[in-house]
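Data file: upload.txt. Format and content: compact mmCIF, C-alpha atoms.
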```
# COMPACT_ATOMS: atom_id res chain seq x y z
CA MET N 1 -7.22 -79.84 -5.15
CA ASN N 2 -9.98 -80.55 -7.68
CA TYR N 3 -13.54 -79.17 -7.66
CA GLY N 4 -15.29 -80.42 -10.79
CA LEU N 5 -13.72 -78.52 -13.69
CA PHE N 6 -11.64 -76.31 -11.37
CA GLN N 7 -8.17 -77.26 -10.12
CA LEU N 8 -6.00 -75.42 -7.57
CA GLU N 9 -2.32 -76.07 -6.79
CA ALA N 10 0.12 -74.38 -4.41
CA GLY N 11 3.80 -74.78 -3.73
CA ILE N 12 6.83 -73.35 -2.04
CA GLY N 13 10.24 -72.53 -3.46
CA TYR N 14 13.45 -70.62 -2.92
CA ALA N 15 15.09 -67.99 -5.12
CA GLU N 16 18.27 -65.99 -4.79
CA SER N 17 19.12 -62.78 -6.67
CA ASN N 18 22.79 -61.84 -6.90
CA THR N 19 24.15 -58.52 -8.13
CA PHE N 20 27.88 -58.28 -8.83
CA PHE N 21 28.20 -54.77 -10.28
CA SER N 22 29.53 -52.26 -7.78
CA ARG N 23 27.30 -49.37 -6.75
CA PRO N 24 26.66 -47.32 -3.61
CA PHE N 25 24.30 -48.82 -1.05
CA ASP N 26 22.62 -47.61 2.12
CA HIS N 27 24.29 -49.81 4.73
CA ALA N 28 22.28 -48.08 7.49
CA ASN N 29 19.18 -49.77 6.01
CA ILE N 30 20.78 -53.15 6.60
CA ASN N 31 22.58 -52.80 9.93
CA GLY N 32 20.61 -49.89 11.44
CA GLY N 33 23.72 -47.71 11.84
CA ASN N 34 23.68 -43.92 11.68
CA SER N 35 26.83 -43.28 9.63
CA LEU N 36 26.38 -41.55 6.28
CA GLU N 37 29.60 -42.62 4.57
CA ILE N 38 29.12 -43.94 1.07
CA ARG N 39 29.97 -47.61 0.71
CA HIS N 40 30.03 -49.62 -2.53
CA PHE N 41 29.06 -53.28 -2.50
CA ARG N 42 30.90 -55.89 -4.53
CA LYS N 43 28.10 -58.42 -4.17
CA TYR N 44 24.48 -57.92 -3.14
CA THR N 45 22.22 -60.91 -2.45
CA ILE N 46 18.48 -61.12 -1.83
CA ASN N 47 17.12 -64.46 -0.56
CA LYS N 48 13.41 -65.09 -1.17
CA LEU N 49 10.64 -67.58 -0.53
CA ILE N 50 8.48 -68.16 -3.60
CA LEU N 51 4.86 -69.25 -2.98
CA PRO N 52 3.32 -70.15 -6.38
CA ILE N 53 -0.45 -70.64 -6.66
CA THR N 54 -1.95 -71.98 -9.88
CA SER N 55 -5.65 -72.20 -10.67
CA ARG N 56 -6.91 -74.02 -13.75
CA LEU N 57 -10.40 -74.04 -15.24
CA TYR N 58 -11.12 -76.79 -17.77
CA LEU N 59 -13.37 -75.78 -20.65
CA GLY N 60 -15.78 -78.71 -20.94
CA LYS N 61 -16.08 -82.16 -19.45
CA SER N 62 -13.49 -83.60 -21.84
CA ARG N 63 -10.83 -81.55 -19.99
CA LYS N 64 -8.99 -81.05 -23.29
CA TYR N 65 -8.67 -77.22 -23.09
CA PHE N 66 -8.07 -75.04 -20.05
CA LEU N 67 -7.55 -71.48 -18.82
CA GLN N 68 -4.91 -71.05 -16.16
CA LEU N 69 -3.88 -68.26 -13.82
CA GLY N 70 -0.52 -68.39 -12.05
CA VAL N 71 0.07 -66.10 -9.08
CA LEU N 72 3.73 -65.87 -8.10
CA PRO N 73 4.38 -63.94 -4.87
CA ALA N 74 7.92 -63.69 -3.43
CA ILE N 75 8.81 -62.81 0.15
CA CYS N 76 12.29 -61.53 0.95
CA PHE N 77 13.74 -62.92 4.18
CA ARG N 78 17.44 -61.94 3.93
CA LYS N 79 19.54 -59.22 2.29
CA CYS N 80 23.32 -59.28 2.28
CA ALA N 81 25.73 -56.66 0.94
CA LYS N 82 29.47 -57.29 0.86
CA ASP N 83 32.23 -54.74 0.46
CA ASN N 84 35.20 -55.01 2.86
CA LYS N 85 32.65 -56.04 5.49
CA LYS N 86 29.50 -58.13 5.31
CA PHE N 87 26.15 -56.43 6.08
CA VAL N 88 23.19 -58.77 6.66
CA LYS N 89 19.54 -57.98 7.32
CA TRP N 90 17.06 -60.71 8.32
CA GLN N 91 13.47 -59.53 7.89
CA PHE N 92 10.36 -60.91 6.19
CA SER N 93 8.97 -58.39 3.70
CA PRO N 94 7.06 -58.57 0.39
CA ASN N 95 9.41 -58.58 -2.59
CA SER N 96 7.44 -59.15 -5.77
CA LEU N 97 4.21 -60.40 -7.33
CA GLU N 98 3.50 -61.70 -10.82
CA LEU N 99 0.21 -62.65 -12.47
CA ASN N 100 0.57 -65.05 -15.38
CA PRO N 101 -2.54 -66.18 -17.30
CA ALA N 102 -2.26 -69.07 -19.75
CA LEU N 103 -4.25 -70.95 -22.36
CA GLY N 104 -3.53 -74.65 -22.69
CA PHE N 105 -4.64 -78.00 -23.96
CA LYS N 106 -4.07 -81.66 -23.22
CA LEU N 107 -1.82 -83.41 -25.74
CA ASN N 108 -2.59 -86.87 -24.30
CA SER N 109 -3.47 -88.39 -20.92
CA LYS N 110 -0.08 -87.43 -19.42
CA MET N 111 0.99 -84.25 -21.25
CA ASN N 112 -0.26 -80.64 -21.37
CA LEU N 113 0.95 -77.73 -23.46
CA ALA N 114 0.30 -74.11 -22.41
CA LEU N 115 1.09 -70.61 -23.65
CA HIS N 116 1.72 -68.16 -20.78
CA TYR N 117 1.86 -64.37 -20.67
CA ARG N 118 3.02 -62.08 -17.86
CA LEU N 119 0.06 -59.78 -17.24
CA LEU N 120 1.45 -57.96 -14.19
CA GLN N 121 4.79 -57.62 -12.46
CA TYR N 122 5.06 -55.68 -9.19
CA ARG N 123 8.37 -55.31 -7.33
CA GLU N 124 9.17 -53.51 -4.12
CA VAL N 125 11.69 -50.70 -4.54
CA ASP N 126 14.75 -51.87 -2.61
CA GLU N 127 15.60 -49.28 0.07
CA VAL N 128 19.17 -50.61 0.33
CA VAL N 129 20.04 -49.95 -3.32
CA PHE N 130 17.71 -46.96 -3.92
CA SER N 131 18.01 -44.57 -1.01
CA ASN N 132 17.74 -40.76 -0.61
CA SER N 133 21.18 -40.61 1.02
CA LEU N 134 22.83 -41.88 -2.18
CA TYR N 135 21.74 -38.98 -4.41
CA ASN N 136 22.92 -35.36 -4.41
CA GLU N 137 20.31 -34.17 -6.89
CA PRO N 138 16.57 -33.95 -6.20
CA VAL N 139 15.00 -37.27 -5.35
CA PRO N 140 14.60 -39.48 -8.46
CA ALA N 141 10.99 -40.44 -9.30
CA LEU N 142 11.61 -44.10 -8.41
CA LEU N 143 12.38 -43.23 -4.77
CA GLY N 144 8.97 -41.64 -4.28
CA GLN N 145 7.33 -44.98 -5.05
CA LYS N 146 6.96 -48.05 -2.87
CA ALA N 147 6.73 -50.34 -5.90
CA ASP N 148 8.20 -50.60 -9.36
CA LYS N 149 5.40 -51.51 -11.77
CA TYR N 150 7.60 -51.81 -14.86
CA ASN N 151 6.27 -54.83 -16.73
CA PRO N 152 8.46 -55.90 -19.67
CA PHE N 153 6.87 -58.27 -22.18
CA LYS N 154 7.27 -61.93 -21.28
CA MET N 155 5.65 -64.92 -22.98
CA TRP N 156 6.61 -68.59 -22.72
CA ILE N 157 5.44 -72.11 -23.49
CA THR N 158 5.38 -74.96 -20.98
CA VAL N 159 5.15 -78.68 -21.56
CA GLU N 160 3.84 -80.51 -18.52
CA TYR N 161 4.25 -84.25 -17.98
CA ASP N 162 2.18 -85.89 -15.22
CA LEU N 163 4.19 -88.72 -13.68
CA GLY N 164 1.19 -89.95 -11.65
CA ALA N 165 -1.37 -90.10 -14.51
CA LYS N 166 -2.59 -93.44 -15.85
```

Using the file provided, produce a representation of the structure as structure tokens.
Amino acid sequence: MNYGLFQLEAGIGYAESNTFFSRPFDHANINGGNSLEIRHFRKYTINKLILPITSRLYLGKSRKYFLQLGVLPAICFRKCAKDNKKFVKWQFSPNSLELNPALGFKLNSKMNLALHYRLLQYREVDEVVFSNSLYNEPVPALLGQKADKYNPFKMWITVEYDLGAK
């Protein structure tokens, strides 16, 4: 979608996170059971829908330079933990959000180059992996939070090639 010097794009994608290290998990959070036995998963999978939104503002009519903001929300729709049994939970819930500003320029009529930086990363604390029932000591600080706001440094360069440009 183009509005003068402003451009907006949206998409849809799929992502899967797999964890293979064994650790205790709260199976009652997946299957709704009441048992308190400690189970260790061998594989834990989170399936997500990714809904990227990118806005771009061109700096001048030449459209040579631009500012860009990428918003990357992810929605979890399935969690699966496997030990001797398979525990599956189907439920739509927010999983993560990233804000990624960028500064870019047009190399030629078909190619752009941009430098991106992760400004914000927000992730839901996973109640299956981080649960009160899994700790004997006082509740760790992470469990008192709904979101993990740890934001490690991330910077990257993209080269974009427009197949439809003339």

query = Leaving out N:Leu113 and any residue of its chain fewer than 3 positions from it, which residues lie within 8 Å of it when counting all atoms listed in the file, given as a list of chain:residue names?
reply = N:Gly104, N:Phe105, N:Lys106, N:Leu107, N:Ile157, N:Thr158, N:Val159, N:Glu160

request  = Pick out the closest residue to N:Asn18 from this set: N:Lys82, N:Ala74, N:Phe6, N:Ile30. Count only C-alpha atoms.
outcome  = N:Lys82

task = Give me the residues within 12 Å of N:Phe153 as a VMD selection string, counting all atoms listed in the file and dropping any in the same chain fewer than 5 places off.
result = chain N and resid 100 116 to 121

Keeping C-alpha atoms, export the residues of the selection given above as a PDB file, in the coordinates of the input.
```
ATOM      1  CA  ASN N 100       0.570 -65.050 -15.380  1.00  0.00           C
ATOM      2  CA  HIS N 116       1.720 -68.160 -20.780  1.00  0.00           C
ATOM      3  CA  TYR N 117       1.860 -64.370 -20.670  1.00  0.00           C
ATOM      4  CA  ARG N 118       3.020 -62.080 -17.860  1.00  0.00           C
ATOM      5  CA  LEU N 119       0.060 -59.780 -17.240  1.00  0.00           C
ATOM      6  CA  LEU N 120       1.450 -57.960 -14.190  1.00  0.00           C
ATOM      7  CA  GLN N 121       4.790 -57.620 -12.460  1.00  0.00           C
TER       8      GLN N 121
END
```

request  = Compile the contact shell of stretch 84-87 of chain N as a PyMOL selection string: residues with an atom at most 12 Å away, counting only C-alpha atoms, same-chain residues fewer than 5 positions apart removed.
outcome  = chain N and resi 25-33+39-46+78-79+128

key: For N:Val125, the nearest of the candidates N:Ala102, N:Tyr161, N:Leu5, N:Lys149, counting only C-alpha atoms   =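 Ranking N:Ala102, N:Tyr161, N:Leu5, N:Lys149 by distance to N:Val125, first place goes to N:Lys149.
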
task = Record the distance separating atom CA of N:Leu49 and atom CA of N:Ile75, expressed in Å with one decimal.
result = 5.2 Å

request  = Give the answer as one residue: which of N:Gly13, N:Gln145, N:Leu103, N:Ile50 has the shortest atom-to-atom distance to N:Lys64, using only C-alpha atoms?
outcome  =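 Result for the nearest residue to N:Lys64: N:Leu103.
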
Residue with smallest distance to N:Lys48 - pool N:Ser17, N:Ser109, N:Asn151, N:Ser22, counting only C-alpha atoms =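 Residue with the minimum atom-to-atom distance to N:Lys48: N:Ser17.
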
ask   = Which residue gives the smallest distance to N:Leu99 among N:Tyr14, N:Ile53, N:Tyr65, N:Phe77, with all atoms listed in the file counted?
value = N:Ile53
